[in-house]
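Accompanying notes for the structure given below.
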There are 2 protein chains.
Amino acid sequence: MSVKYVYMFPEGDGSMRNLLGGKGANLCEMTRLGLPVPAGFTVTTEACTLYNSSGKTLSEEIKGQVNDAMVKLEAATGKKFGDKLNPLLVSVRSGARASMPGMMDTVLNLGINDDVAESIAAKTNNPRFAYDSYRRFIMMFGDVVMDVSKAKFERVLDDYKEKKGYRSDVDLTVDDLKIIVEQFKSIYKEAKGQPFPTEAKEQLFEAISAVFRSWDNPRAFIYRRMNDIPYDWGTAVNVQSMVFGNMGDTSGTGVVFTRNAATGEKAIYGEYMINAQGEDVVAGVRTPKPFAELKNDMPQVYEEYMGYAEKLEKHYKDMQDMEITIEEGKLYVLQTRNGKRTAHAALKVAVDMVGEGLITRQEAILKVDPKQLDQLLHPAFDAKALKAASAIGSALPASPGAACGKVYFSAEDVKAAVERGEKTVLVRLETSPEDIEGMFLAQGILTVRGGMTSHAAVVARGMGRCCVSGCEAIKINEGAKYFELGGKRVSEGDYISLDGSTGKIYGEKISTAESEISGNFATFMAWADAERKLKVRANADTPQDAAKAIEFGAEGIGLTRTEHMFFDENRIPKMRKMILSDSAQERRAALNELLPFQKADFVGIYEVMGDRPVTIRLLDPPLHEFLPTQDADFAALAKDMGKPVEELKLKAKNLHELNPMMGHRGCRLAVSYPEIAEMQTKAILEAAIEVKKSKGYDIVPEIMVPLVGDVKEFRFVKDIVDSTAKEIFKNSGVEIKYLVGTMIEIPRACLTADAIAKDAEFFSFGTNDLTQMAYGLSRDDAGKILADYIDKNIYEGDPTAKLDREGVGALMKIAVEKGSAARPGIKLGICGEHGGDPYSIEFCAQIGLQYVSCSPFRVPIARLAAAQAALR
Amino acid sequence: MSVKYVYMFPEGDGSMRNLLGGKGANLCEMTRLGLPVPAGFTVTTEACTLYNSSGKTLSEEIKGQVNDAMVKLEAATGKKFGDKLNPLLVSVRSGARASMPGMMDTVLNLGINDDVAESIAAKTNNPRFAYDSYRRFIMMFGDVVMDVSKAKFERVLDDYKEKKGYRSDVDLTVDDLKIIVEQFKSIYKEAKGQPFPTEAKEQLFEAISAVFRSWDNPRAFIYRRMNDIPYDWGTAVNVQSMVFGNMGDTSGTGVVFTRNAATGEKAIYGEYMINAQGEDVVAGVRTPKPFAELKNDMPQVYEEYMGYAEKLEKHYKDMQDMEITIEEGKLYVLQTRNGKRTAHAALKVAVDMVGEGLITRQEAILKVDPKQLDQLLHPAFDAKALKAASAIGSALPASPGAACGKVYFSAEDVKAAVERGEKTVLVRLETSPEDIEGMFLAQGILTVRGGMTSHAAVVARGMGRCCVSGCEAIKINEGAKYFELGGKRVSEGDYISLDGSTGKIYGEKISTAESEISGNFATFMAWADAERKLKVRANADTPQDAAKAIEFGAEGIGLTRTEHMFFDENRIPKMRKMILSDSAQERRAALNELLPFQKADFVGIYEVMGDRPVTIRLLDPPLHEFLPTQDADFAALAKDMGKPVEELKLKAKNLHELNPMMGHRGCRLAVSYPEIAEMQTKAILEAAIEVKKSKGYDIVPEIMVPLVGDVKEFRFVKDIVDSTAKEIFKNSGVEIKYLVGTMIEIPRACLTADAIAKDAEFFSFGTNDLTQMAYGLSRDDAGKILADYIDKNIYEGDPTAKLDREGVGALMKIAVEKGSAARPGIKLGICGEHGGDPYSIEFCAQIGLQYVSCSPFRVPIARLAAAQAALR
């Protein structure tokens with residue numbers, strides 16, 4: 001039996017991706033559904049493998065099957081390939097299993113020669129179109145198929161235009177184009193040593209071979225290596241008859257959505273243009289008409305289309321975005337795909353389709369991209385204004401939303417400007433905890449350094465503030481208060497706009513609008529909540545954050561960072577005093593001053609959260625983050641402490657670390673200064689007792705020890721917590737339940753999780769740090785590195801944004817297995833940034849975590865992602 | 001059947017550690033060997049468990065068995081417990097399986113009361129001794145056994161001395177002591193509400209109970225928690241009859257080695273003192289006599305001792321360090337243990353004992369501590385001078401040897417001083433690559449910051465230079481050129497001495513002497529080489545290092561760091577030019593200037609190494625390490641490059657990273673700047689071709705890609721190497737073999753080692769970085785953290801010095817398993833600092849590595865450790 005290398009579209013279907021490639025399988029599927037797809041066939045990936053393994057020649061077997069298919073194609077179209085009177089033109093496109101850059105893409109209008117061109121000119125009554133297509137085909141075929149340098153063709157064209165004094169291609173007349181066609185043929189002949197092939201079949205076999213060869217070119221080779229695509233997959237080739245929307249007033253072209261992509265309303269929505277091709281619509285030479293008018297222009301075609309639209313929606317169970325062409329009154333569907341839509345539309349379509357009985361609630365849940373929900377929760381640019389703007393640069397989309405305001409280069413300047421009533425954008429080399437107030441007051445934040453989990457990114461997401469980070473292309477001069485990007489100098493007070501969802505930076509004012517949450521949101525999220533198994537908590541440091549979190553549906557707090565509480569201007573001097581103390585005694589005195597503040601914070605949070613669980617992390621950052629950088633602050637501190645300024649500066653200098661991320665922080669602080677953990681335990685438990693008394697809430701604080709790498713350091717800190725608790729209970733006469741657990745964020749903690757779980761009552765994965773340590777990559781320094789890595793196809797994206805399942809995930813699995821073995825049923829959660837990322841949440845569900853915790857603004861995303869994970 | 005809770009020494013043996021504790025088992029063993037150990041018995045650990053689980057009371061069963069044992073003890077000694085005429089006194093000591101701080105240690109002279117004291121006074125003819133013992137016993141019993149505050153006794157003693165105008169305890173007369181004994185009894189009575197127990201049995205049961213209770217005290221509890229010792233192990237109690245060396249001229253005490261501990265010579269070596277107790281020897285009130293003189297003083301005792309010495313050497317197959325007491329002409333052996341000895345002695349004893357047929361070569365190999373070999377390779381302090389000195393502080397023993405010189409605070413100052421003919425010690429906050437020349441010229445290096453694998457430590461070990469690192473207690477003022485430590489201010493030009501083997505710092509001049517290698521060394525090392533399975537390579541960056549490595553027995557180079565080559569003053573300007581280039585083209589031009597230097601380096605190394613394997617690591621450190629810090633250097637560079645100073649400074653500033661250890665370094669440099677890897681590949685391969693031509697050596701360079709965390713980045717760099725190689729082979733017409741592998745030093749590399757091994761031809765574990773990342777602990781900032789951790793019993797030591805088998809080791813095992821599965825027989829080695837540490841080497845052997853690589857000066861240690869690993 002001979003192998004079947006060629007499938008007519010009606011012979012294949014959507015499931016045959018491996019053999020026919022993605023594009024081929026999709027064309028077959030539409031054909032099978034009975035849609036008027038221009039006829040064609042697919043040459044299989046197996047033919048590609050055979051071609052490349054047999055000296056790069058098309059076997060007679062394949063050629064024969066292609067010839068047979070062409071005969072069928074001619075029969076189907078009633079046209080003849082290479083014929084003068086009724087010529088069949090085809091497109092030739094590659095199509096692998098997955099779309100793959102670097103490979104030959106498309107050759108259109110294949111089958112043209114002098115006679116055919118003349119015939120098309122006559123038939124379309126548009127000789128300019130015919131000869132323009134012809135010269136384009138020669139260039140495309142020469143360049144793409146036969147490796148004749150494109151530059152050679154372009155030089156001829158440019159010289160010709162210069163000679164004639166033309167300013168653009170549009171000035172070329174039919175006669176000009178005829179001359180150029182001849183010149184192009186000469187170039188081809190000179191380069192290849194033989195005339196341009198006028199024989200259609202020859203053109204076709206060359207084009208098919210070229211697609212197969214392109215599977216083997218260096219760019220494709222590198223891409224496959226980088227993406228683990230086996231060489232022997234091969235690519236398929238799709239040969240399809242051309243149809244033309246510009247064959248007169250009974251022809252046309254259109255782009256149509258089966259529902260309104262902006263609102264989700266169930267009504268056909270799109271545009272069409274008579275006597276035009278797809279590119280004319282894009283080029284905007286004429287204004288297209290609303291699709292509804294086709295009902296008047298060509299009622300039959302309109303009715304036919306409406307039938308297909310309904311059919312496709314039912315088949316794909318989703319709103320479709322379709323490309324159609326009408327050739328002399330006959331409708332063709334060139335493409336259909338699930339339509340892109342706004343978040344509002346996505347929810348409405350999903351809820352409506354359930355109402356229509358088209359899909360189940362579960363299917364509806366799976367239709368909405370969780371990340372899209374961000375749009376509902378953050379301001380967005382005015383769509384028209386955005387269209388008119390062009391970006392001066394782009395960087396990491398660190399926190400979603402749109403922001404527009406005047407640029408300032410320091411938190412103080414932002415504050416002053418906001419007091420004057422201005423809207424501002426804070427631009428910094430990198431942010432530090434001292435900038436937090438400025439970040440809160442600004443519309444958005446732009447940083448030069450730092451990845452998706454840099455300080456700026458994490459804090460901005462927590463606040464729901466728009467942020468674009470790690471724009472290494474910026475040349476910033478904070479002293480002189482300007483920066484340069486994309487050839488533009490932006491000075492203090494100039495307007496810029498940031499798109500935190502795409503990472504784009506605009507050097508101009510673009511108006512923004514607040515988004516609103518519709519009733520569909522509540523309906524849809526309730527469906528999602530009914531399906532999910534993972535609990536969703538929020539990371540929240542203040543009662544305001546906590547309230548926001550509950551509003552968005554959080555079921556508890558998975559991470560309260562106690563350090564952010566100390567940057568308030570009333571507290572930071574006391575914190576600094578504590579840090580620069582000479583003895584445990586002095587430190588204890590300073591801590592006693594901080595205790596009431598810290599306790600009040602927790603009281604506030606508990607009162608908002610009620611009986612919901614609250615996880616509080618003990619002090620984590622290196623102490624030098626709290627220290628002054630300005631002389632004036634040192635002077636004030638010295639006066640307050642009654643110590644010489646120089647002594648304090650020296651102490652501060654000695655606290656400096658070369659790699660603070662791997663330095664004196666986390667539980668290491670509690671080991672060196674047990675009195676800090678003591679004070680924090682007091683604040684956590686005394687606050688809980690107070691709220692229990694005043695409100696009757698049964699609060700079970702979950703005290704989390706950060707940066708544990710060895711069970712012994714955990715024990716050391718747990719002993720401090722337990723003995724402090726014992727004393728508090730004795731003094732107050734009230735005993736409450738509390739848990740002591742640990743953040744799993746150090747690789748060694750995963751590897752020794754069995755030992756740690758013997759003492760720790762819960763694990764919460766801190767995948768920000770775990771990712772940093774597993775990769776040995778500092779999130780604050782990752783900007784340039786990631787840019788190079790993504791540019792060179794080494795990483796797909798920022799591993800701190802999307803959980804790395806192979807490496808970091810492997811560590812998490814080890815920790816889950818060892819931890820659960822040592823303490824069956826141990827409480828397992830995640831509170832790193834990945835807790836709000838759908839891909840990461842799916843993995844968390846797979847390995848058996850019980851909850852995820854993320855910034856309040858990501859809670860809805862997490863709820864939906866958790867539901868999808870449960871359904872998959 | 002009743003349980004046996006008490007064992008007379010002859011009933012037990014050395015194997016019964018779990019039941020009798022370490023001390024008890026050892027006393028039994030000596031007794032069984034027929035040595036005259038003072039008679040006694042052990043109360044078992046099971047009795048302890050019973051005591052603590054039954055309301056802290058001694059059961060009648062136990063008491064009964066103790067009473068029976070006392071009867072046997074009286075029979076054995078011919079003395080009677082609590083008797084006036086011939087009193088038996090005993091010591092009571094705790095003894096768990098492993099020695100454990102925090103537990104009750106020793107009560108001596110138990111059994112004294114008024115009558116017994118009087119009797120001892122008469123018998124010893126030394127009433128002062130009798131009453132001094134008595135008052136000490138009351139205090140010890142009161143404090144240790146009965147929890148009466150020691151301070152109370154001391155206050156009485158101090159008041160008494162003040163009243164009498166005495167300056168020290170020695171001034172107390174017998175009458176004084178009798179009064180104090182009475183006062184002590186009153187204190188006891190007042191505190192406990194009952195008189196001091198004069199009944200010997202009562203004293204004994206209280207003491208045994210106290211030992212058992214001390215198993216349960218907080219300090220012991222914390223210690224066990226920190227050291228994973230189960231509570232139910234319990235402790236044993238040893239009750240042993242006292243013997244006295246101060247009972248007259250036929251009594252005495254001595255400390256004797258069976259061979260010379262300094263030279264290893266086979267001759268008895270020690271001291272003794274007539275009519276004295278052990279503490280008199282220690283206190284140095286009289287000068288002891290050489291042990292040989294005992295032959296004249298007490299020939300019979302001497303002969304008897306010689307018999308025991310030989311017997312013990314044969315039994316333990318090692319040189320013994322024995323403590324003896326002679327009581328009225330009768331010899332007692334109180335203790336024996338393997339004697340501590342110098343490295344010279346250790347080798348001589350081992351080689352001699354093989355010659356004597358006492359042990360096999362294999363046993364000899366296992367007898368020598370590999371770490372001791374360091375003594376043979378580095379200068380040492382003059383022993384007498386060292387004894388007279390006292391340290392002003394101590395820190396990490398970062399690189400062994402002794403150093404003495406004048407203090408300087410910069411590499412330049414060291415250089416100038418050495419040119420003046422001075423010996424120097426370089427003191428720095430922390431060292432950087434710019435200090436290398438100064439480090440080489442100095443006798444030793446002292447740093448304030450940094451752990452066992454900080455820059456200073458690693459470089460110093462590589463050079464064989466003494467180094468003490470991470471002395472956080474130092475207050476340094478580099479500007480004013482002085483530092484303070486242990487209350488002493490040391491200024492530039494003052495002498496200090498460093499002991500790199502203990503970490504001690506002396507604020508004075510202590511003379512040093514070079515060590516020499518004896519013939520025994522070669523004999524012994526040859527035996528070791530015959531046993532080991534692991535190959536031993538060295539880390540070497542220069543031909544000089546390489547030659548040293550071969551001299552010490554290295555079989556190849558496991559790590560050549562290419563970056564150290566660029567700090568030479570002729571090269572660093574070119575390196576800086578390369579780094580501050582604006583384009584790949586400019587960078588390539590600067591790299592072309594560096595190429596000849598780098599190539600010459602490799603030629604030099606290859607010529608020394610011949611056909612031995614050489615692993616060369618591509619550029620690793622962050623580029624800013626190479627940049628100038630001084631204005632003058634910037635100015636020179638700006639002139640050279642024809643660029644404004646300010647522009648270069650801004651570029652340099654932008655290269656600064658917050659966490660350089662996890663920043664733009666390792667293979668990330670090659671990803672951003674492929675031209676660097678290209679140049680290095682050229683240098684490596686062209687040098688190999690050159691030496692192949694000139695010397696005929698078949699060099700197979702092993703090109704090592706650092707800091708790989710993902711197979712794709714490895715592939716990216718391997719592609720650069722392979723394509724560069726292809727071009728070189730084409731141009732030169734010579735093709736040579738080479739390997740491309742990777743350093744495994746990022747946790748993620750271990751977790752994805754299967755993917756990496758598909759492309760990498762070898763793995764070399766970089767356990768310095770792997771340890772840092774696994775712990776999330778920066779070696780440069782670890783000083784203070786480790787000090788606190790070790791102080792609080794959380795870590796036993798610095799994990800960068802001794803491989804952490806649970807965490808880092810688990811990662812290594814994963815990498816070995818996954819790597820070997822993907823590429824059977826893959827070449828596996830280690831080139832981190834652990835490659836020279838015996839404990840770590842044993843682990844490397846266990847998990848199946850093929851070689852270890854360490855600094856040249858550690859090669860002999862590694863050879864011996866590898867042999868021991870093979871034998872165990």
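Residues in the structure tokens are numbered from 1 in each chain, the chains being A, B, ... in the order shown, and ligands are numbered from 1 in the order shown.
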**Item:** Shell around stretch 838-843 of chain B at 6 Å using only C-alpha atoms, local window under 3 positions removed, as an NGL selection string
**Value:** :B and (803 or 834 or 846 or 865 or 869)
Store the residues of this selection in a file with all heavy atoms, as a PDB file, in the first residue's frame.
ATOM      1  N   LEU B 803      30.208  20.107  53.621  1.00  0.00           N
ATOM      2  CA  LEU B 803      29.036  19.928  52.770  1.00  0.00           C
ATOM      3  C   LEU B 803      27.805  19.535  53.582  1.00  0.00           C
ATOM      4  O   LEU B 803      27.846  18.619  54.397  1.00  0.00           O
ATOM      5  CB  LEU B 803      29.335  18.842  51.735  1.00  0.00           C
ATOM      6  CG  LEU B 803      28.259  18.662  50.679  1.00  0.00           C
ATOM      7  CD1 LEU B 803      28.326  19.777  49.657  1.00  0.00           C
ATOM      8  CD2 LEU B 803      28.404  17.326  49.996  1.00  0.00           C
ATOM      9  N   HIS B 834      34.301  22.418  48.710  1.00  0.00           N
ATOM     10  CA  HIS B 834      34.124  21.156  49.413  1.00  0.00           C
ATOM     11  C   HIS B 834      35.020  20.057  48.853  1.00  0.00           C
ATOM     12  O   HIS B 834      35.222  19.044  49.502  1.00  0.00           O
ATOM     13  CB  HIS B 834      32.665  20.713  49.337  1.00  0.00           C
ATOM     14  CG  HIS B 834      31.726  21.636  50.057  1.00  0.00           C
ATOM     15  ND1 HIS B 834      30.794  22.397  49.403  1.00  0.00           N
ATOM     16  CD2 HIS B 834      31.599  21.929  51.365  1.00  0.00           C
ATOM     17  CE1 HIS B 834      30.116  23.112  50.294  1.00  0.00           C
ATOM     18  NE2 HIS B 834      30.585  22.851  51.493  1.00  0.00           N
ATOM     19  N   GLN B 846      30.398   8.557  47.941  1.00  0.00           N
ATOM     20  CA  GLN B 846      29.168   7.785  48.141  1.00  0.00           C
ATOM     21  C   GLN B 846      28.168   7.974  47.008  1.00  0.00           C
ATOM     22  O   GLN B 846      27.498   7.035  46.598  1.00  0.00           O
ATOM     23  CB  GLN B 846      28.496   8.192  49.460  1.00  0.00           C
ATOM     24  CG  GLN B 846      29.167   7.609  50.689  1.00  0.00           C
ATOM     25  CD  GLN B 846      28.643   8.242  51.973  1.00  0.00           C
ATOM     26  OE1 GLN B 846      27.699   9.024  51.952  1.00  0.00           O
ATOM     27  NE2 GLN B 846      29.267   7.908  53.088  1.00  0.00           N
ATOM     28  N   ALA B 865      41.687  11.634  52.002  1.00  0.00           N
ATOM     29  CA  ALA B 865      40.258  11.521  52.301  1.00  0.00           C
ATOM     30  C   ALA B 865      39.595  10.568  51.309  1.00  0.00           C
ATOM     31  O   ALA B 865      38.707   9.788  51.680  1.00  0.00           O
ATOM     32  CB  ALA B 865      39.599  12.897  52.251  1.00  0.00           C
ATOM     33  N   ALA B 869      37.595   7.235  52.192  1.00  0.00           N
ATOM     34  CA  ALA B 869      36.224   7.019  51.719  1.00  0.00           C
ATOM     35  C   ALA B 869      36.113   5.647  51.062  1.00  0.00           C
ATOM     36  O   ALA B 869      35.124   4.928  51.251  1.00  0.00           O
ATOM     37  CB  ALA B 869      35.821   8.122  50.742  1.00  0.00           C
TER      38      ALA B 869
END
**Item:** 7 Å contacts from chain B to chain A using only C-alpha atoms, as a ChimeraX atom specification
**Value:** /B:226,657-664,668,672,709,712-713,746-748,751-752,773-778,780-782,785,788,794,806-807,810
**Request:** Can you work out the spacing between atom CA of B:Met30 and atom CA of B:Gly357 in Å, to one decimal?
**Result:** 23.1 Å
**Request:** Pick out each residue of stretch 459-588 of chain B that DSSP on the backbone tags as strand (DSSP E or B); I need them as an NGL selection string.
**Result:** :B and (466-469 or 475-477 or 482-485 or 488-491 or 495-499 or 504-506 or 512-513 or 535-539 or 557-561)
Taking N, CA and C atoms for each residue, export the selection above as a CSV table (one decimal), in the first residue's frame.
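The resulting file, out11.csv, is shown below:
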chain,number,residue,atom,x,y,z
B,466,CYS,N,47.9,32.0,54.5
B,466,CYS,CA,47.1,32.0,55.8
B,466,CYS,C,46.0,33.1,55.7
B,467,CYS,N,44.8,32.7,56.2
B,467,CYS,CA,43.7,33.7,56.2
B,467,CYS,C,42.7,33.4,57.3
B,468,VAL,N,42.4,34.5,58.0
B,468,VAL,CA,41.3,34.4,59.0
B,468,VAL,C,40.2,35.4,58.5
B,469,SER,N,39.0,34.9,58.4
B,469,SER,CA,38.0,35.8,57.8
B,469,SER,C,36.8,35.9,58.7
B,475,LYS,N,36.3,46.5,64.9
B,475,LYS,CA,35.9,47.8,64.5
B,475,LYS,C,37.0,48.3,63.7
B,476,ILE,N,36.7,48.5,62.4
B,476,ILE,CA,37.8,48.9,61.5
B,476,ILE,C,37.6,50.3,61.0
B,477,ASN,N,38.7,51.0,60.9
B,477,ASN,CA,38.6,52.3,60.3
B,477,ASN,C,39.8,52.4,59.3
B,482,TYR,N,43.5,52.0,61.3
B,482,TYR,CA,43.6,51.2,62.6
B,482,TYR,C,42.4,50.4,62.7
B,483,PHE,N,42.5,49.3,63.6
B,483,PHE,CA,41.3,48.6,64.0
B,483,PHE,C,41.4,48.3,65.4
B,484,GLU,N,40.2,48.0,66.0
B,484,GLU,CA,40.1,47.6,67.4
B,484,GLU,C,39.5,46.3,67.6
B,485,LEU,N,40.1,45.5,68.5
B,485,LEU,CA,39.6,44.1,68.7
B,485,LEU,C,40.1,43.7,70.1
B,488,LYS,N,42.0,46.0,72.2
B,488,LYS,CA,43.3,46.5,71.7
B,488,LYS,C,43.1,47.3,70.4
B,489,ARG,N,43.8,48.4,70.4
B,489,ARG,CA,43.8,49.2,69.1
B,489,ARG,C,45.1,48.8,68.3
B,490,VAL,N,44.9,48.3,67.1
B,490,VAL,CA,46.1,48.0,66.3
B,490,VAL,C,46.2,48.9,65.1
B,491,SER,N,47.3,49.7,65.0
B,491,SER,CA,47.4,50.7,64.0
B,491,SER,C,48.4,50.1,62.9
B,495,TYR,N,52.5,44.9,64.8
B,495,TYR,CA,52.6,43.5,64.5
B,495,TYR,C,51.3,42.8,64.9
B,496,ILE,N,50.8,41.9,64.1
B,496,ILE,CA,49.8,40.9,64.6
B,496,ILE,C,50.2,39.5,64.0
B,497,SER,N,49.6,38.5,64.6
B,497,SER,CA,49.8,37.2,64.2
B,497,SER,C,48.5,36.5,64.0
B,498,LEU,N,48.4,35.7,63.0
B,498,LEU,CA,47.1,35.0,62.6
B,498,LEU,C,47.4,33.5,62.6
B,499,ASP,N,46.5,32.7,63.2
B,499,ASP,CA,46.5,31.3,63.1
B,499,ASP,C,45.4,30.8,62.2
B,504,LYS,N,42.5,32.0,65.3
B,504,LYS,CA,42.8,33.0,66.4
B,504,LYS,C,43.7,34.1,65.8
B,505,ILE,N,43.5,35.3,66.5
B,505,ILE,CA,44.1,36.5,66.1
B,505,ILE,C,44.9,37.0,67.3
B,506,TYR,N,46.2,37.2,67.2
B,506,TYR,CA,47.1,37.7,68.3
B,506,TYR,C,47.6,39.1,68.0
B,512,THR,N,57.3,32.3,63.5
B,512,THR,CA,56.8,31.1,62.8
B,512,THR,C,58.0,30.4,62.2
B,513,ALA,N,57.7,29.1,61.8
B,513,ALA,CA,58.7,28.3,61.2
B,513,ALA,C,58.1,27.6,60.0
B,535,LYS,N,39.4,10.2,41.6
B,535,LYS,CA,40.6,11.0,41.1
B,535,LYS,C,40.6,12.3,41.8
B,536,VAL,N,41.8,12.9,41.9
B,536,VAL,CA,42.0,14.2,42.6
B,536,VAL,C,42.6,15.2,41.6
B,537,ARG,N,41.8,16.2,41.4
B,537,ARG,CA,42.3,17.3,40.5
B,537,ARG,C,42.5,18.6,41.4
B,538,ALA,N,43.1,19.6,40.7
B,538,ALA,CA,43.3,20.8,41.5
B,538,ALA,C,42.6,22.0,40.8
B,539,ASN,N,42.2,23.0,41.5
B,539,ASN,CA,41.8,24.3,40.9
B,539,ASN,C,43.0,25.1,40.7
B,557,ILE,N,43.4,19.3,36.1
B,557,ILE,CA,42.9,20.6,36.7
B,557,ILE,C,41.4,20.4,36.6
B,558,GLY,N,40.7,20.7,37.7
B,558,GLY,CA,39.2,20.6,37.7
B,558,GLY,C,38.6,21.9,37.5
B,559,LEU,N,39.4,23.0,37.7
B,559,LEU,CA,38.8,24.3,37.5
B,559,LEU,C,39.9,25.3,37.2
B,560,THR,N,39.8,25.9,36.1
B,560,THR,CA,40.6,27.1,35.8
B,560,THR,C,39.7,28.3,35.7
B,561,ARG,N,39.8,29.2,36.6
B,561,ARG,CA,39.0,30.4,36.5
B,561,ARG,C,39.6,31.4,35.6
**Request:** Enumerate, as an MDAnalysis selection string, the complete set of residues in stretch 256-438 of chain A that a backbone-based DSSP assignment places in helix (DSSP H, G or I).
**Result:** chainID A and resid 278:283 291:297 299:316 343:355 361:367 370:377 383:388 411:419 433:438
**Prompt:** Between A:Asn125, A:Gln65, A:Ser390, A:Thr562, which has the minimum distance to A:Gly666 (counting only C-alpha atoms)?
**Reply:** A:Thr562
**Request:** Choose the residue, out of B:Leu739, B:Val700, B:Ala388, B:Ile436, that has the smallest atom-to-atom separation from B:Ala411; count only C-alpha atoms.
**Result:**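 Among the listed residues, B:Ile436 lies closest to B:Ala411.
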**Message:** When you look at B:Ile550 with a cut-off of 9 Å (counting only C-alpha atoms), what residues show up, excluding the ones that are within fewer than 2 positions of it in the same chain? I need them as a PyMOL selection string.
**Reply:** chain B and resi 537-538+545-548+552-556+608-609+856
Keeping N, CA and C atoms, export the residues of the selection given above as a tab-separated table (two decimals), in the first residue's frame.
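Printed below is again.tsv as written:
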chain	number	residue	atom	x	y	z
B	537	ARG	N	41.84	16.23	41.36
B	537	ARG	CA	42.34	17.30	40.51
B	537	ARG	C	42.51	18.56	41.36
B	538	ALA	N	43.10	19.57	40.75
B	538	ALA	CA	43.27	20.82	41.49
B	538	ALA	C	42.59	21.97	40.76
B	545	ASP	N	50.39	27.69	39.64
B	545	ASP	CA	49.42	26.88	40.41
B	545	ASP	C	49.42	25.45	39.90
B	546	ALA	N	49.44	25.32	38.58
B	546	ALA	CA	49.36	23.99	37.97
B	546	ALA	C	50.57	23.14	38.39
B	547	ALA	N	51.76	23.79	38.40
B	547	ALA	CA	52.97	23.06	38.78
B	547	ALA	C	52.88	22.62	40.24
B	548	LYS	N	52.41	23.53	41.09
B	548	LYS	CA	52.22	23.22	42.51
B	548	LYS	C	51.27	22.03	42.66
B	552	PHE	N	51.93	18.28	44.32
B	552	PHE	CA	51.14	17.71	45.42
B	552	PHE	C	50.33	16.50	44.99
B	553	GLY	N	50.50	16.08	43.76
B	553	GLY	CA	49.88	14.83	43.33
B	553	GLY	C	48.56	14.97	42.58
B	554	ALA	N	48.24	16.15	42.09
B	554	ALA	CA	46.98	16.32	41.34
B	554	ALA	C	47.08	15.58	40.00
B	555	GLU	N	45.93	15.06	39.56
B	555	GLU	CA	45.91	14.29	38.31
B	555	GLU	C	45.28	15.05	37.17
B	556	GLY	N	45.03	16.32	37.39
B	556	GLY	CA	44.44	17.15	36.35
B	556	GLY	C	43.98	18.44	36.98
B	608	VAL	N	52.44	22.75	31.24
B	608	VAL	CA	52.71	22.13	32.55
B	608	VAL	C	51.92	20.83	32.70
B	609	MET	N	50.68	20.85	32.26
B	609	MET	CA	49.79	19.71	32.54
B	609	MET	C	49.98	18.54	31.58
B	856	PRO	N	45.47	23.57	45.19
B	856	PRO	CA	46.66	22.70	45.18
B	856	PRO	C	47.07	22.27	46.59
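Between B:Thr235 and the candidates B:Tyr851, B:Phe440, B:Trp215, B:Tyr51, the tightest atom-to-atom separation, counting only C-alpha atoms, involves B:Trp215.
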**Request:** Name all residues at most 8 Å from A:Leu376 (count only C-alpha atoms; drop same-chain ones fewer than 3 positions away) and give them as a list of chain:residue names.
**Result:**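 Those residues are A:Ala343, A:His344, A:Gln372, A:Leu373, A:Pro379, A:Ser515, A:Glu516, A:Ile517.
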